[in-house]
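Working notes for the structure below.
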Amino acid sequence: MNVSFSNIIKVTLVLAIPVIATLYFAAEDWFNMLAILLGPVIAVIMTRIIDDSRAEQSRRLDIFRTLMRTRKMPIHVDHVGALNLIEVEFIENKKVITAWKEYLKNLGEDLPAIEQKDKYDAALKKRDSLLTKLISEIAKILNIRIEQLDILEGNYIPQGWHDDDLEQRIVRRSLLNILTGRAPILIRPDQATKINNPYPPVPAND
């Protein structure tokens with residue numbers, strides 16, 4: 001096998017470079033070289049981690065704010081949307097998920113009839129309590145200091161909104177009872193009002 005002199009030189013240089021570099025560079029120099037080479041890569045990775053953490057915190061904070069804003073309006077579309085995102089954003093937090101499941105279970109239960117005021121108010125109070133617990137657990141994850149009492153008793157809703165919602169529920173339920181045959185439509189004959197005439201009746205013609 002013929003081996004040229006130039007090939008021997010090339011192989012020798014390739015094998016000798018690591019040895020020469022090891023002898024030439026001190027340990028500190030090697031660390032500096034690694035820092036120069038790996039520094040940008042590490043910086044990109046750390047930036048990505050920080051950005052992901054901030055994005056996650058922002059999404060969680062948005063859920064918290066939405067629940068706080070709509071905590072007296074459980075059927076609001078934003079409230080429902082925030083509830084549906086909890087399982088995604090807080091899946092690793094057991095306390096939040098447990099409180100979330102308890103609240104959803106309560107939302108799936110039928111409320112007593114509005115006419116049964118005591119039972120209806122008690123059911124709403126229990127529902128508010130479960131929501132308060134859920135919001136409180138989320139606040140702890142976000143390092144937001146807020147008392148459960150402030151969550152429960154806070155929030156402002158005009159009385160007109162509450163009255164309109166209550167009236168709409170009564171109308172819908174009454175109409176539904178009629179359409180499904182659970183309640184009859186009462187029809188009463190129109191009774192003409194009798195007028196007391198101070199004058200005697202007109203005599204009949206024979």
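We name chains A, B, ... following the order of the structure tokens; residues begin at 1 in each chain, and ligands are numbered from 1 as shown.
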**Polymer residues at most 12 Å from region 51-65 of chain A, only C-alpha atoms, same-chain spacing of 4 or more positions, as a PyMOL selection string** = chain A and resi 44-47+69-71+78-91+96+131-132+134-144+146+151+155
Practice task
Going by DSSP on the backbone, which bits of region 32-197 of chain A are helix (DSSP H, G or I)? Write them as a PyMOL selection string, please.
Solution key: chain A and resi 32-69+77-89+94-107+117-141+148-153+159-179
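The residue that comes closest to Ala113 (chain A), out of A:Pro40, A:Arg188, A:Arg173, A:Ala35 and on the basis of only C-alpha atoms, is A:Arg173.
Between CA of Pro74 (chain A) and CA of Arg145 (chain A) the interatomic distance comes to 23.2 Å.
Take the candidates A:Lys125, A:Met73, A:Leu152, A:Lys133 and check each one against Leu111 (chain A) using only C-alpha atoms; the shortest distance goes to A:Lys125.
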Correct to one decimal, the distance CA of Leu124 (chain A)-CA of Lys72 (chain A) is 10.3 Å
